Each structure stands twice: as structure tokens, then as C-alpha cells.
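*Asks:* The structure is given below, and queries will be raised subsequently.
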Amino acid sequence: MGFADRYLSAVNSSNLRDDDQHRSTDALCAAAVADTAGAGFGALLSRVKYADGTQHKLFESGSANLASLLRIWTARVIEKGRERKWVKEGTAWDAQAAHKLYRSVAERSLAYWLDGKCEACGGSGVKARCLCAPCKGTGKGEITGTGGFELERVKDMVSELENLLQSHNSRAAASLR
């Protein structure tokens, strides 16, 4: 069982006792320790991607974690965009255009990372017992609604999100050993 599975099980556990038979808190503690060593929001990434839609108690579910993640991710994309000098911000108009680009890239990259499944096959890669033509069997959809410049930035930030999640999970898994 990988770390993501253990974390999902711990988040959805109704029994957080810490004894010889119950070990759910280990994954939660490992996620917290990994957050302090990394970017600081890896556990939030895991929770939003894997756990928010599966929680069995409706009052605990959802949108607050996604809203927090979007706020944090938008700030990080703005920081990355300025570091990498995606757009010059010399005048007020340039700064306004840059902010619009950063916000669009943040929203599109997070939306695609959370659910980038192919529309035609539903993410399975197979349609009518053949490889899905639009996604060529990968199960991943295309990022739509963006031009060439913005599309490359969105792809870059999707890769950044995946790297953040994978590094968080590997740090957390290492602390579980």
C-alpha cells in the first residue's frame, strides 16, 4: 500500500486511536512532518486530489480545502511567473495583464491536475474495445481554452503540481519507515 492509499485511509478513518491494532495516525503525522520539510501544502494537495470527494460525512466534504488550495496555488504561480519573467510588468497595463495571465494559469493548471481525464473515454484510454483516438490510450485529455504561450505555462505548472505531490508523498513515506 502506497502512501497516498494510507493517507486516504487515515483521512476517512472513523477511529484515530493510536495503538497496536490502529495505525491510522501514522500517515497523518507523516504528512504533517513532510509538509514542514517541503513546500508546506503537500498534505492539502493529497487531501483535495484523493480524499475530498470520498469522505463519508457530508459536512466534512469539500470546497473549503479546494478554495484554500486555489488561493495558495495562485500565489505560488504568481511567484513562479515573476521569477521566470513570463511577462514584463513595466507599466500598470502590463502588470494587470500579467496578473490575469498568472490567475488563468493557476486556475487551469489546478483544474487539469485535479481532473485531466479524456472526455471521450472517461480516463480509461479505451473506447468501444479499442484505444481511444483523442487521447491515444493515455486517458489524459487535452488542455483546452488556451493559446500557445499560456498552454505551455499551464503544462509547466501541472508538472510542478505533480512534482510537489510526488515529493511530498515520498518524504512522508520515508518518514513512515
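Please note that chains go A, B, ... in the order of the C-alpha cells, that every chain numbers its residues from 1, and that ligands are numbered from 1 in the order shown.
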Write out as a VMD selection string all residues of segment 1-174 of chain A that backbone DSSP assigns to alpha helix (DSSP H).
*Replies:* chain A and resid 3 to 11 24 to 37 42 to 46 63 to 83 92 to 114 148 to 174
*Asks:* Neighbours of Lys80 of chain A within 12 Å (only C-alpha atoms; same-chain residues fewer than 4 positions away dropped), as a PyMOL selection string?
*Replies:* chain A and resi 73-76+84-87+98+102-103+105-106+153-154+156-157+160
*Asks:* Which of these, A:Ala43, A:Glu79, A:Ser14, A:Ala30, has the shortest distance to Gln166 of chain A once you count only C-alpha atoms?
*Replies:*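 Smallest distance to Gln166 of chain A is found for A:Ala43.
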*Asks:* How far is it from atom CA of Arg6 of chain A to atom CA of Leu161 of chain A, in Å with one decimal?
*Replies:*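 One can read the atom CA of Arg6 of chain A to atom CA of Leu161 of chain A distance as 20.3 Å.
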